[in-house]
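> File entry15.cif below, mmCIF, C-alpha atoms:
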data_final
#
loop_
_atom_site.label_atom_id
_atom_site.label_comp_id
_atom_site.auth_asym_id
_atom_site.auth_seq_id
_atom_site.Cartn_x
_atom_site.Cartn_y
_atom_site.Cartn_z
CA MET Y 1170 17.13 20.35 1.99
CA SER Y 1171 13.68 21.42 0.96
CA THR Y 1172 10.97 19.58 -0.88
CA THR Y 1173 8.17 21.17 -2.81
CA LEU Y 1174 5.74 18.45 -1.76
CA SER Y 1175 2.75 19.77 0.12
CA ASP Y 1176 1.93 16.36 1.57
CA VAL Y 1177 4.42 13.49 1.61
CA ILE Y 1178 1.84 10.82 2.55
CA ASP Y 1179 -0.40 11.83 -0.38
CA HIS Y 1180 2.63 11.74 -2.64
CA LEU Y 1181 3.74 8.28 -1.47
CA ALA Y 1182 0.20 6.86 -1.55
CA ARG Y 1183 -0.47 8.49 -4.97
CA ILE Y 1184 -3.53 10.36 -3.73
CA GLU Y 1185 -4.83 12.90 -6.24
CA PRO Y 1186 -6.79 16.01 -5.22
CA GLY Y 1187 -10.52 15.32 -5.43
CA SER Y 1188 -10.10 11.53 -5.38
CA HIS Y 1189 -12.09 9.27 -3.05
CA LEU Y 1190 -9.13 8.94 -0.66
CA ASP Y 1191 -8.54 12.69 -0.72
CA THR Y 1192 -12.13 13.27 0.43
CA LEU Y 1193 -11.56 10.78 3.26
CA ARG Y 1194 -8.30 12.35 4.40
CA VAL Y 1195 -9.87 15.83 4.36
CA GLN Y 1196 -12.19 14.62 7.12
CA ARG Y 1197 -9.13 14.10 9.35
CA LEU Y 1198 -7.53 17.37 8.30
CA GLN Y 1199 -5.69 18.10 11.55
CA ALA Y 1200 -4.15 14.62 11.50
CA ARG Y 1201 -3.18 15.02 7.85
CA GLU Y 1202 -1.62 18.44 8.37
CA ASN Y 1203 0.23 17.39 11.49
CA ALA Y 1204 1.54 14.20 9.94
CA GLN Y 1205 3.10 16.53 7.37
CA LYS Y 1206 4.34 18.90 10.11
CA SER Y 1207 5.87 15.88 11.86
CA TYR Y 1208 7.73 15.01 8.68
CA LEU Y 1209 8.98 18.60 8.40
CA ALA Y 1210 9.99 18.75 12.09
CA LEU Y 1211 12.13 15.65 11.59
CA PHE Y 1212 13.49 16.15 8.07
CA GLU Y 1213 13.51 19.92 7.57
CA PRO Y 1214 13.79 21.04 11.19
CA GLU Y 1215 13.79 24.71 12.09
CA TYR Y 1216 16.03 23.80 15.06
CA PRO Y 1217 18.11 20.80 13.93
CA GLY Y 1218 20.14 20.63 17.15
CA THR Y 1219 23.05 18.21 16.80
CA VAL Y 1220 21.40 15.51 14.66
CA THR Y 1221 22.69 15.94 11.11
CA ALA Y 1222 20.73 15.68 7.86
CA LEU Y 1223 22.93 12.75 6.85
CA GLU Y 1224 22.00 10.91 10.06
CA ARG Y 1225 18.30 11.64 9.60
CA TYR Y 1226 18.12 10.50 5.96
CA ALA Y 1227 20.46 7.53 6.40
CA VAL Y 1228 18.36 6.18 9.28
CA ALA Y 1229 15.14 6.89 7.35
CA THR Y 1230 16.44 5.04 4.29
CA PHE Y 1231 17.40 2.07 6.46
CA VAL Y 1232 14.01 2.03 8.24
CA ALA Y 1233 12.03 2.31 5.00
CA GLY Y 1234 14.11 -0.49 3.51
CA LEU Y 1235 13.51 -2.75 6.52
CA HIS Y 1236 9.76 -2.26 5.96
CA ARG Y 1237 10.10 -3.39 2.28
CA GLN Y 1238 8.06 -0.38 1.15
CA GLN Y 1239 9.74 0.41 -2.15
CA VAL Y 1240 8.03 3.73 -2.78
CA VAL Y 1241 9.00 5.03 0.69
CA LEU Y 1242 12.52 3.64 0.36
CA ASP Y 1243 12.98 5.39 -3.01
CA PHE Y 1244 11.78 8.66 -1.49
CA TYR Y 1245 14.21 8.75 1.45
CA ARG Y 1246 17.07 7.20 -0.52
CA ALA Y 1247 16.77 9.96 -3.15
CA ALA Y 1248 17.06 12.55 -0.36
CA LEU Y 1249 20.08 10.73 1.07
CA LEU Y 1250 21.77 10.72 -2.36
CA ARG Y 1251 21.32 14.50 -2.61
CA LEU Y 1252 23.66 14.78 0.39
CA GLU Y 1253 26.47 13.48 -1.83
CA ARG Y 1254 27.48 10.53 0.26
CA PRO Y 1255 26.90 7.66 -2.20
CA ASP Y 1256 29.27 5.53 -0.10
CA VAL Y 1257 26.86 5.75 2.85
CA ALA Y 1258 23.86 5.03 0.62
CA GLU Y 1259 25.56 1.93 -0.74
CA LEU Y 1260 26.36 0.58 2.70
CA ILE Y 1261 22.78 1.23 3.83
CA ASP Y 1262 21.52 -0.74 0.80
CA ALA Y 1263 23.75 -3.65 1.75
CA GLU Y 1264 22.69 -3.50 5.39
CA ILE Y 1265 18.97 -3.43 4.47
CA ALA Y 1266 19.47 -6.66 2.53
CA ARG Y 1267 21.38 -8.23 5.42
CA ALA Y 1268 19.15 -7.01 8.28
CA SER Y 1269 15.61 -7.50 6.90
CA VAL Y 1270 13.65 -9.96 9.03
CA ARG Y 1271 10.03 -10.24 10.17
CA GLY Y 1272 8.68 -8.54 13.27
CA PRO Y 1273 7.64 -7.87 15.88
CA TYR Y 1274 9.71 -10.28 17.96
CA GLY Y 1275 11.42 -10.06 21.33
CA ARG Y 1276 10.99 -10.92 24.98
CA TYR Y 1277 8.60 -9.97 27.74
CA PRO Y 1278 9.54 -9.48 31.40
CA LYS Y 1279 9.77 -13.00 32.86
CA GLY Y 1280 6.28 -14.30 33.66
CA PRO Y 1281 3.13 -15.61 31.96
CA LEU Y 1282 3.94 -13.75 28.73
CA SER Y 1283 7.30 -15.51 28.40
CA ALA Y 1284 5.40 -18.19 26.47
CA GLU Y 1285 5.01 -15.55 23.73
CA ASP Y 1286 8.72 -14.70 23.59
CA ARG Y 1287 10.03 -14.89 20.03
CA ASP Y 1288 13.74 -15.01 19.35
CA GLY Y 1289 15.31 -13.11 16.49
CA PRO Y 1290 18.56 -11.44 15.53
CA ASP Y 1291 20.24 -8.68 17.55
CA TYR Y 1292 21.45 -6.66 14.56
CA ARG Y 1293 24.98 -5.26 14.46
CA VAL Y 1294 26.44 -3.16 11.65
CA LEU Y 1295 28.80 -5.30 9.54
CA LEU Y 1296 32.35 -5.36 10.83
CA GLY Y 1297 34.39 -2.72 9.00
CA TYR Y 1298 31.41 -0.57 8.01
CA GLU Y 1299 31.63 1.46 11.19
CA GLU Y 1300 34.81 3.09 9.91
CA ILE Y 1301 32.86 4.54 6.99
CA LEU Y 1302 29.55 5.21 8.76
CA GLY Y 1303 31.10 6.48 11.99
CA ALA Y 1304 30.29 5.40 15.55
CA ARG Y 1305 27.22 7.64 15.85
CA LEU Y 1306 25.47 6.51 12.68
CA SER Y 1307 26.37 2.86 13.28
CA ALA Y 1308 24.84 2.99 16.76
CA ALA Y 1309 21.76 4.74 15.35
CA LEU Y 1310 21.21 2.01 12.72
CA GLU Y 1311 21.47 -0.70 15.37
CA HIS Y 1312 18.97 1.12 17.58
CA ALA Y 1313 16.63 1.72 14.62
CA HIS Y 1314 16.61 -2.03 13.90
CA LEU Y 1315 15.67 -2.67 17.54
CA LEU Y 1316 12.80 -0.17 17.35
CA VAL Y 1317 11.50 -1.47 14.02
CA PHE Y 1318 11.52 -5.21 14.72
CA ARG Y 1319 11.70 -5.83 18.46
CA PRO Y 1320 10.63 -2.74 20.40
CA ARG Y 1321 9.81 -4.85 23.46
CA ASP Y 1322 13.52 -5.74 23.77
CA ALA Y 1323 14.36 -2.08 24.44
CA SER Y 1324 16.41 -1.39 27.57
CA PRO Y 1325 18.46 1.28 29.33
CA ALA Y 1326 21.54 -0.58 28.06
CA ALA Y 1327 20.43 0.03 24.45
CA LEU Y 1328 20.15 3.77 25.19
CA GLN Y 1329 23.51 3.74 26.97
CA LYS Y 1330 25.12 2.47 23.75
CA LEU Y 1331 23.76 5.55 21.95
CA LEU Y 1332 25.02 7.86 24.71
CA ASP Y 1333 28.45 6.20 24.57
CA ALA Y 1334 28.53 6.65 20.78
CA GLY Y 1335 28.05 10.40 21.18
CA TRP Y 1336 24.26 10.83 21.07
CA SER Y 1337 23.01 13.30 23.70
CA THR Y 1338 19.77 12.68 25.60
CA THR Y 1339 18.02 15.21 23.36
CA ASP Y 1340 19.52 13.62 20.22
CA ILE Y 1341 18.11 10.25 21.34
CA VAL Y 1342 14.64 11.75 21.70
CA THR Y 1343 14.88 13.07 18.12
CA LEU Y 1344 16.20 9.73 16.79
CA SER Y 1345 13.47 7.79 18.61
CA GLN Y 1346 10.78 10.10 17.25
CA LEU Y 1347 12.20 9.77 13.74
CA VAL Y 1348 12.11 5.97 13.71
CA ALA Y 1349 8.74 5.82 15.48
CA PHE Y 1350 7.24 8.44 13.13
CA LEU Y 1351 8.40 6.46 10.10
CA SER Y 1352 6.74 3.36 11.58
CA PHE Y 1353 3.52 5.41 11.47
CA GLN Y 1354 4.02 7.10 8.09
CA ILE Y 1355 4.91 3.85 6.32
CA ARG Y 1356 1.79 2.14 7.72
CA VAL Y 1357 -0.54 4.99 6.76
CA VAL Y 1358 0.85 4.81 3.22
CA ALA Y 1359 0.47 0.99 3.14
CA GLY Y 1360 -3.09 1.25 4.47
CA LEU Y 1361 -4.14 3.98 2.06
CA ARG Y 1362 -2.70 2.10 -0.90
CA ALA Y 1363 -4.56 -1.07 0.10
CA LEU Y 1364 -7.79 0.92 0.47
CA ALA Y 1365 -7.30 2.56 -2.93
CA ALA Y 1366 -6.63 -0.84 -4.51
CA GLU Y 1367 -10.00 -2.15 -3.32
CA PRO Y 1368 -12.40 0.37 -4.79
CA ALA Y 1369 -15.64 -1.66 -4.75
CA HIS Y 1370 -17.18 0.37 -1.94
CA ASP Y 1371 -20.69 0.18 -3.37
CA ALA Y 1372 -21.24 -3.42 -4.45
CA ALA Y 1373 -24.93 -2.78 -5.16
CA ASP Y 1374 -24.08 -0.50 -8.09
CA LEU Y 1375 -21.86 -3.13 -9.64
CA TYR Y 1376 -24.67 -5.68 -9.66
CA ARG Y 1377 -27.16 -3.23 -11.11
CA GLY Y 1378 -24.90 -2.47 -14.10
CA PRO Y 1379 -24.91 -5.78 -16.01
CA ALA Y 1380 -28.59 -6.43 -15.24
CA PHE Y 1381 -29.55 -3.09 -16.75
CA THR Y 1382 -27.40 -3.75 -19.83
CA GLY Y 1383 -29.17 -7.07 -20.19
CA LEU Y 1384 -32.53 -5.40 -20.21
CA LEU Y 1385 -31.40 -2.96 -22.91
CA ALA Y 1386 -30.11 -5.80 -25.04
CA SER Y 1387 -33.42 -7.59 -24.83
CA GLY Y 1388 -35.17 -4.48 -26.06
CA THR Y 1389 -37.74 -4.44 -23.27
CA VAL Y 1390 -36.93 -0.93 -22.00
CA MET K 309 31.69 12.86 28.92
CA SER K 310 28.60 11.00 27.87
CA GLU K 311 25.33 11.25 29.75
CA GLN K 312 23.92 8.34 31.73
CA THR K 313 20.67 6.41 31.64
CA LEU K 314 18.40 6.16 34.67
CA SER K 315 17.66 2.77 36.23
CA TYR K 316 15.21 1.48 38.82
CA PRO K 317 16.51 -1.73 40.41
CA ASP K 318 13.60 -1.80 42.89
CA ASN K 319 10.84 -1.54 40.27
CA HIS K 320 8.85 -4.71 39.58
CA GLU K 321 7.72 -4.36 35.99
CA PRO K 322 4.21 -5.72 35.33
CA VAL K 323 4.47 -9.14 33.65
CA ALA K 324 0.97 -9.38 32.12
CA PHE K 325 -1.41 -7.21 30.10
CA THR K 326 -3.89 -5.45 32.38
CA GLN K 327 -6.60 -2.80 32.38
CA GLU K 328 -5.31 -1.49 35.70
CA GLU K 329 -3.62 1.91 35.97
CA LEU K 330 0.15 1.56 35.65
CA GLY K 331 2.89 4.14 36.09
CA TRP K 332 5.90 4.80 33.85
CA LEU K 333 9.53 5.67 34.65
CA PRO K 334 11.89 7.34 32.14
CA TRP K 335 15.29 5.85 31.27
CA LEU K 336 16.58 9.27 30.23
CA GLU K 337 16.42 12.54 32.15
CA PRO K 338 13.24 14.48 31.25
CA PHE K 339 13.55 18.16 30.40
CA PRO K 340 13.62 20.15 33.68
CA ALA K 341 10.08 21.40 34.33
CA ASP K 342 11.35 24.69 35.75
CA GLN K 343 13.24 25.53 32.54
CA LEU K 344 10.39 25.15 30.03
CA THR K 345 10.32 27.92 27.41
CA GLU K 346 7.41 29.06 25.29
CA ARG K 347 8.48 26.64 22.57
CA HIS K 348 8.41 23.73 25.05
CA TRP K 349 4.95 24.70 26.31
CA ALA K 350 3.74 24.79 22.68
CA GLY K 351 5.21 21.32 22.21
CA LEU K 352 3.40 19.98 25.26
CA VAL K 353 0.07 21.31 23.82
CA ASP K 354 -1.78 20.71 27.14
CA ALA K 355 -0.10 22.41 30.13
CA SER K 356 -1.11 19.45 32.33
CA ARG K 357 1.32 17.27 30.38
CA ALA K 358 4.22 19.10 32.06
CA LYS K 359 3.51 16.83 35.04
CA SER K 360 4.27 13.69 33.01
CA PRO K 361 7.90 12.47 32.83
CA TYR K 362 7.09 10.90 29.45
CA PHE K 363 5.96 14.17 27.88
CA LEU K 364 8.73 16.15 29.62
CA LEU K 365 11.27 13.79 28.08
CA LEU K 366 9.69 14.15 24.63
CA ALA K 367 9.62 17.94 25.15
CA ARG K 368 13.39 17.91 24.55
CA ASP K 369 12.40 18.05 20.85
CA PRO K 370 9.29 20.24 21.14
CA ASP K 371 8.40 20.70 17.46
CA ILE K 372 7.97 17.01 16.68
CA LEU K 373 6.13 16.53 19.99
CA GLN K 374 3.63 19.24 19.10
CA ALA K 375 2.91 17.85 15.63
CA ARG K 376 2.68 14.32 17.02
CA THR K 377 0.23 15.33 19.75
CA LYS K 378 -2.05 17.14 17.30
CA THR K 379 -1.98 14.11 14.96
CA ASP K 380 -2.93 11.89 17.90
CA LYS K 381 -5.81 14.11 19.01
CA ASP K 382 -7.48 14.22 15.60
CA ILE K 383 -7.13 10.48 15.01
CA PHE K 384 -8.68 9.54 18.36
CA TYR K 385 -10.87 12.45 19.45
CA ASN K 386 -12.38 13.85 16.24
CA ILE K 387 -15.65 11.94 16.51
CA LYS K 388 -18.12 14.04 14.56
CA ASN K 389 -18.12 11.17 12.04
CA GLY K 390 -16.28 7.94 11.38
CA LEU K 391 -15.42 5.09 13.71
CA PRO K 392 -16.86 5.18 17.27
CA ARG K 393 -14.34 6.13 19.99
CA ALA K 394 -14.35 2.61 21.50
CA GLU K 395 -13.30 1.03 18.21
CA ARG K 396 -10.49 3.52 17.58
CA GLU K 397 -9.18 2.59 21.03
CA LEU K 398 -9.64 -1.07 20.10
CA ALA K 399 -7.25 -0.57 17.16
CA ALA K 400 -4.78 1.10 19.57
CA THR K 401 -5.11 -1.75 22.07
CA ALA K 402 -4.72 -4.53 19.49
CA THR K 403 -1.63 -2.80 18.09
CA SER K 404 -0.11 -2.40 21.56
CA ARG K 405 -0.86 -6.07 22.31
CA VAL K 406 1.04 -7.23 19.22
CA ASN K 407 4.02 -4.94 19.77
CA GLY K 408 4.09 -5.89 23.45
CA CYS K 409 3.54 -2.47 25.03
CA ILE K 410 1.99 -3.41 28.38
CA PHE K 411 1.75 0.24 29.44
CA CYS K 412 0.06 1.48 26.23
CA ALA K 413 -2.33 -1.48 26.23
CA SER K 414 -3.34 -0.74 29.84
CA VAL K 415 -4.31 2.87 29.09
CA HIS K 416 -6.13 2.18 25.86
CA SER K 417 -7.87 -1.03 26.91
CA ARG K 418 -9.38 0.99 29.78
CA PHE K 419 -10.68 3.46 27.18
CA VAL K 420 -12.22 0.63 25.13
CA THR K 421 -13.99 -0.64 28.23
CA GLN K 422 -15.09 2.85 29.24
CA TYR K 423 -16.68 3.59 25.85
CA SER K 424 -17.97 0.09 24.97
CA LYS K 425 -18.88 -1.23 28.46
CA ARG K 426 -17.43 -4.57 27.30
CA GLY K 427 -14.68 -5.05 29.85
CA ALA K 428 -14.77 -8.86 29.68
CA ASP K 429 -14.31 -8.87 25.87
CA VAL K 430 -11.46 -6.37 26.23
CA GLN K 431 -9.81 -8.56 28.86
CA ARG K 432 -10.02 -11.57 26.51
CA LEU K 433 -8.10 -9.60 23.88
CA LEU K 434 -5.44 -8.79 26.51
CA ASP K 435 -5.31 -12.37 27.84
CA GLU K 436 -5.56 -14.33 24.59
CA GLY K 437 -3.92 -11.85 22.23
CA ASP K 438 -4.79 -11.43 18.57
CA GLY K 439 -6.36 -14.91 18.36
CA ALA K 440 -9.24 -13.93 20.66
CA ASP K 441 -12.61 -14.59 18.94
CA ILE K 442 -14.94 -11.75 20.05
CA ASP K 443 -17.44 -10.84 17.32
CA SER K 444 -17.17 -10.24 13.59
CA ARG K 445 -16.80 -6.47 13.83
CA TRP K 446 -14.20 -6.42 16.62
CA ASN K 447 -12.40 -9.40 15.08
CA ALA K 448 -12.10 -7.52 11.78
CA ILE K 449 -10.73 -4.39 13.49
CA VAL K 450 -8.26 -6.41 15.58
CA ALA K 451 -7.12 -8.48 12.58
CA ALA K 452 -6.62 -5.36 10.44
CA SER K 453 -4.59 -3.69 13.21
CA VAL K 454 -2.47 -6.81 13.64
CA ALA K 455 -1.79 -7.08 9.90
CA LEU K 456 -0.76 -3.43 9.69
CA THR K 457 1.49 -3.76 12.75
CA LYS K 458 3.57 -6.64 11.35
CA THR K 459 6.85 -5.73 9.64
CA PRO K 460 6.67 -5.93 6.70
CA GLN K 461 3.00 -4.95 6.61
CA GLU K 462 0.48 -7.71 5.91
CA PHE K 463 -2.43 -5.28 5.50
CA SER K 464 -3.95 -5.70 2.04
CA SER K 465 -7.22 -5.90 0.10
CA GLU K 466 -8.26 -8.82 2.29
CA GLN K 467 -8.34 -6.69 5.45
CA VAL K 468 -10.17 -3.88 3.63
CA ARG K 469 -12.83 -6.34 2.40
CA ASN K 470 -13.23 -7.86 5.87
CA LEU K 471 -13.67 -4.45 7.48
CA ARG K 472 -16.30 -3.52 4.90
CA SER K 473 -18.08 -6.87 5.36
CA ALA K 474 -18.15 -6.15 9.09
CA GLY K 475 -20.07 -2.94 8.32
CA LEU K 476 -17.33 -0.29 8.26
CA ASP K 477 -17.52 2.46 5.65
CA ASP K 478 -14.33 3.82 4.11
CA LEU K 479 -13.90 6.69 6.58
CA GLU K 480 -14.13 4.12 9.38
CA VAL K 481 -11.54 1.96 7.60
CA LEU K 482 -9.28 5.04 7.46
CA ASP K 483 -9.80 5.51 11.21
CA VAL K 484 -8.64 1.92 11.83
CA ILE K 485 -5.56 2.48 9.64
CA ASN K 486 -4.74 5.79 11.35
CA GLY K 487 -5.37 4.43 14.86
CA SER K 488 -3.20 1.37 14.39
CA ALA K 489 -0.48 3.25 12.52
CA PHE K 490 -0.36 5.89 15.24
CA PHE K 491 0.15 3.27 17.93
CA ASN K 492 3.08 1.89 16.02
CA TRP K 493 4.54 5.32 16.70
CA ALA K 494 3.43 5.54 20.36
CA ASN K 495 4.40 1.97 21.30
CA ARG K 496 7.97 2.46 20.10
CA LEU K 497 8.46 5.58 22.22
CA MET K 498 6.84 4.15 25.35
CA LEU K 499 8.69 0.83 25.08
CA SER K 500 12.12 2.26 24.34
CA LEU K 501 12.36 5.34 26.56
CA GLY K 502 11.24 3.92 29.91
CA GLU K 503 9.48 1.13 31.80
CA PRO K 504 6.07 0.59 33.38
CA THR K 505 5.49 0.35 37.13
CA PRO K 506 2.87 -1.82 38.87
CA PRO K 507 -0.63 -0.55 39.80
CA ALA K 508 -0.47 1.69 42.89
CA LYS K 509 -2.05 -0.87 45.21
CA HIS K 510 0.75 -3.41 44.47
CA ALA K 511 3.59 -0.91 44.71
#
Kindly transcribe the structure held in the file into structure tokens.

Amino acid sequence: MSTTLSDVIDHLARIEPGSHLDTLRVQRLQARENAQKSYLALFEPEYPGTVTALERYAVATFVAGLHRQQVVLDFYRAALLRLERPDVAELIDAEIARASVRGPYGRYPKGPLSAEDRDGPDYRVLLGYEEILGARLSAALEHAHLLVFRPRDASPAALQKLLDAGWSTTDIVTLSQLVAFLSFQIRVVAGLRALAAEPAHDAADLYRGPAFTGLLASGTV
Amino acid sequence: MSEQTLSYPDNHEPVAFTQEELGWLPWLEPFPADQLTERHWAGLVDASRAKSPYFLLLARDPDILQARTKTDKDIFYNIKNGLPRAERELAATATSRVNGCIFCASVHSRFVTQYSKRGADVQRLLDEGDGADIDSRWNAIVAASVALTKTPQEFSSEQVRNLRSAGLDDLEVLDVINGSAFFNWANRLMLSLGEPTPPAKHA
């Protein structure tokens, strides 16, 4: 699958060439270009290995949905639908609704930080869905939920479940990068949109405006 | 036959946030150092990273590792303008504190101390967490990083206004966003692919 977008973060954050945010992002050009290259390495890989496009976009749709970032969800869901598995997309929609909680939560190794332990759900794909999603994708969704909401609960046992479901060690690295990258991309988009929505970066000019108009109206200039 | 995870029954994981130097053990077999190809070396970016089990594990998918490393370097080390180094590391530390990455917080809190010379303030952030009251500028950077790290994100106009009131210009605000967002990436890899080990002197 190929996209014609030159920069997915700009697209999702609605950043136009020449805009204030564009001039900011240009000053971190290597980061901007490599955030895009990261996206391409994960979603249009030159060497896809044994992680399928369906797995990549299904997990991405789920992760974006868990973050309640509609614009990002729409983007990955549209890509998932192009793979002609509307049954998978529908189940992912249902699971997003069922699995969305607030994070981060989880436990620390027993000790002084145990006072900060926060309990929350250990997500499992709905009984019966695994037959449609398959063991691999079901295990990936469960692991993605762990990474999104309670990364400090991670364990060798969680990785063993992926291995047992057919993910190789290398596949797990790719899956982990994909979920972790989305955790970054979604936050950059959220941050940029918040910054764009708060444009009063030179308050002094705003105060000068009405005062000057007042002077004109009084005819003293 | 499926592969197996690695486990370390004798390791005593650190149980508190610290600025001391910790180690890290992988739960999955890193890529064998003696089989690295040109593509793997390109993924590692710095040849010295071939000594790290963390980077050797990530080298199993070299293309995403390379792009990730270059993103990281520009966000934290491109200091010809924008937010001072110490405060970019502060965003990384606050993010790691909220997500609970004791290893990441140890590395990056040491950087904050190194660049700011404010080790006691840094330790308060580690000890007290995101409620630590340090000063208006650090509080604003910590609060913005915390808001962005929550799922769903709680970062909004309020955090942007507070950062500006604390004296940050918009490029510096972008550096806070990038720094915190990047550690939401790093924390998830560090936390889920291995475990920290105690400082050498306690081992």
> With only C-alpha atoms as the atoms that count, which of Y:Asp1191, Y:Asp1256, Y:Glu1300, Y:Asp1243 lies nearest to chain K?
Y:Asp1191
> Please indicate the distance in Å from atom CA of Val415 of chain K to atom CA of Ala402 of chain K, rounded to one decimal place.
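We find that atom CA of Val415 of chain K and atom CA of Ala402 of chain K lie 12.1 Å from each other.
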> Residues around (24.7, 10.5, 22.6), cut-off 12 Å, counting all atoms listed in the file - what are they as a ChimeraX atom specification?
/Y:1219-1220,1304-1306,1308-1309,1327-1344 /K:309-313,336
> Just C-alpha atoms for this one: save the residues we selected as a PDB file, in the frame of the given file.

ATOM      1  CA  THR Y1219      23.050  18.210  16.800  1.00  0.00           C
ATOM      2  CA  VAL Y1220      21.400  15.510  14.660  1.00  0.00           C
ATOM      3  CA  ALA Y1304      30.290   5.400  15.550  1.00  0.00           C
ATOM      4  CA  ARG Y1305      27.220   7.640  15.850  1.00  0.00           C
ATOM      5  CA  LEU Y1306      25.470   6.510  12.680  1.00  0.00           C
ATOM      6  CA  ALA Y1308      24.840   2.990  16.760  1.00  0.00           C
ATOM      7  CA  ALA Y1309      21.760   4.740  15.350  1.00  0.00           C
ATOM      8  CA  ALA Y1327      20.430   0.030  24.450  1.00  0.00           C
ATOM      9  CA  LEU Y1328      20.150   3.770  25.190  1.00  0.00           C
ATOM     10  CA  GLN Y1329      23.510   3.740  26.970  1.00  0.00           C
ATOM     11  CA  LYS Y1330      25.120   2.470  23.750  1.00  0.00           C
ATOM     12  CA  LEU Y1331      23.760   5.550  21.950  1.00  0.00           C
ATOM     13  CA  LEU Y1332      25.020   7.860  24.710  1.00  0.00           C
ATOM     14  CA  ASP Y1333      28.450   6.200  24.570  1.00  0.00           C
ATOM     15  CA  ALA Y1334      28.530   6.650  20.780  1.00  0.00           C
ATOM     16  CA  GLY Y1335      28.050  10.400  21.180  1.00  0.00           C
ATOM     17  CA  TRP Y1336      24.260  10.830  21.070  1.00  0.00           C
ATOM     18  CA  SER Y1337      23.010  13.300  23.700  1.00  0.00           C
ATOM     19  CA  THR Y1338      19.770  12.680  25.600  1.00  0.00           C
ATOM     20  CA  THR Y1339      18.020  15.210  23.360  1.00  0.00           C
ATOM     21  CA  ASP Y1340      19.520  13.620  20.220  1.00  0.00           C
ATOM     22  CA  ILE Y1341      18.110  10.250  21.340  1.00  0.00           C
ATOM     23  CA  VAL Y1342      14.640  11.750  21.700  1.00  0.00           C
ATOM     24  CA  THR Y1343      14.880  13.070  18.120  1.00  0.00           C
ATOM     25  CA  LEU Y1344      16.200   9.730  16.790  1.00  0.00           C
TER      26      LEU Y1344
ATOM     27  CA  MET K 309      31.690  12.860  28.920  1.00  0.00           C
ATOM     28  CA  SER K 310      28.600  11.000  27.870  1.00  0.00           C
ATOM     29  CA  GLU K 311      25.330  11.250  29.750  1.00  0.00           C
ATOM     30  CA  GLN K 312      23.920   8.340  31.730  1.00  0.00           C
ATOM     31  CA  THR K 313      20.670   6.410  31.640  1.00  0.00           C
ATOM     32  CA  LEU K 336      16.580   9.270  30.230  1.00  0.00           C
TER      33      LEU K 336
END
> Out of K:Ala494, K:Leu330, K:Ile410, K:Leu352, which residue has the shortest atom-to-atom distance to Asp435 of chain K when counting all atoms listed in the file?
K:Ile410
> Using the chain letters and numbers from this file, what does the PyMOL selection byres ((chain K and resi 326) around 8) select? Give the answer as number ranges by chain.
K: 324-325, 327-328, 410, 413-414, 431, 434
> Between atom CA of Ser1175 of chain Y and atom CA of Asp1262 of chain Y, what is the distance, to one decimal in Å?
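Atom-to-atom, atom CA of Ser1175 of chain Y to atom CA of Asp1262 of chain Y, that is 27.8 Å.
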> Produce the centre coordinates and the three edge lengths, each in Å to one decimal, of the box along x, y and z that contains all listed atoms of segment 474-491 of chain K with 4 Å added on each side, as JSON.

{"center_x": -10.0, "center_y": 0.3, "center_z": 11.0, "size_x": 28.2, "size_y": 20.8, "size_z": 21.8}
> What does the distance between atom CA of Ala350 of chain K and atom CA of Thr377 of chain K come to in Å, to one decimal place?
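So the answer is 10.5 Å.
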> Compute the distance from (-6.6, -4.9, 0.4) to each atom, counting all atoms listed in the file, keep the residues with any atom at most 9 Å away, and return them as a PyMOL selection string; use the coordinates of the file.
(chain Y and resi 1360+1362-1367) or (chain K and resi 463-469)
> Please list as a list in words every residue within 10 Å of Ala474 of chain K, counting only C-alpha atoms and excluding residues in the same chain fewer than 3 positions away.
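So the residues in contact are Asp443, Ser444, Arg445, Trp446, Asn447, Ala448, Ile449, Val468, Arg469, Asn470, Leu471 and Asp477 of chain K.
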> Residues of chain K near chain Y: apply a cut-off of 7 Å, count only C-alpha atoms, and supply the list as a PyMOL selection string.
chain K and resi 310-313+323-324+335-336+366+368-369+371-372+375-376+378-379+382-383+407-409+456+458-460+463-465+468+479+485-486+489-490+492-493+496-497+499-500
> Taking 3 positions as the minimum chain separation for residues in the same chain, which residues sit within 12 Å of Val430 of chain K when counting all atoms listed in the file? Answer as a ChimeraX atom specification.
/K:325-327,394-395,397-399,401-402,405,413-414,416-427,433-438,440-443,446-447,450
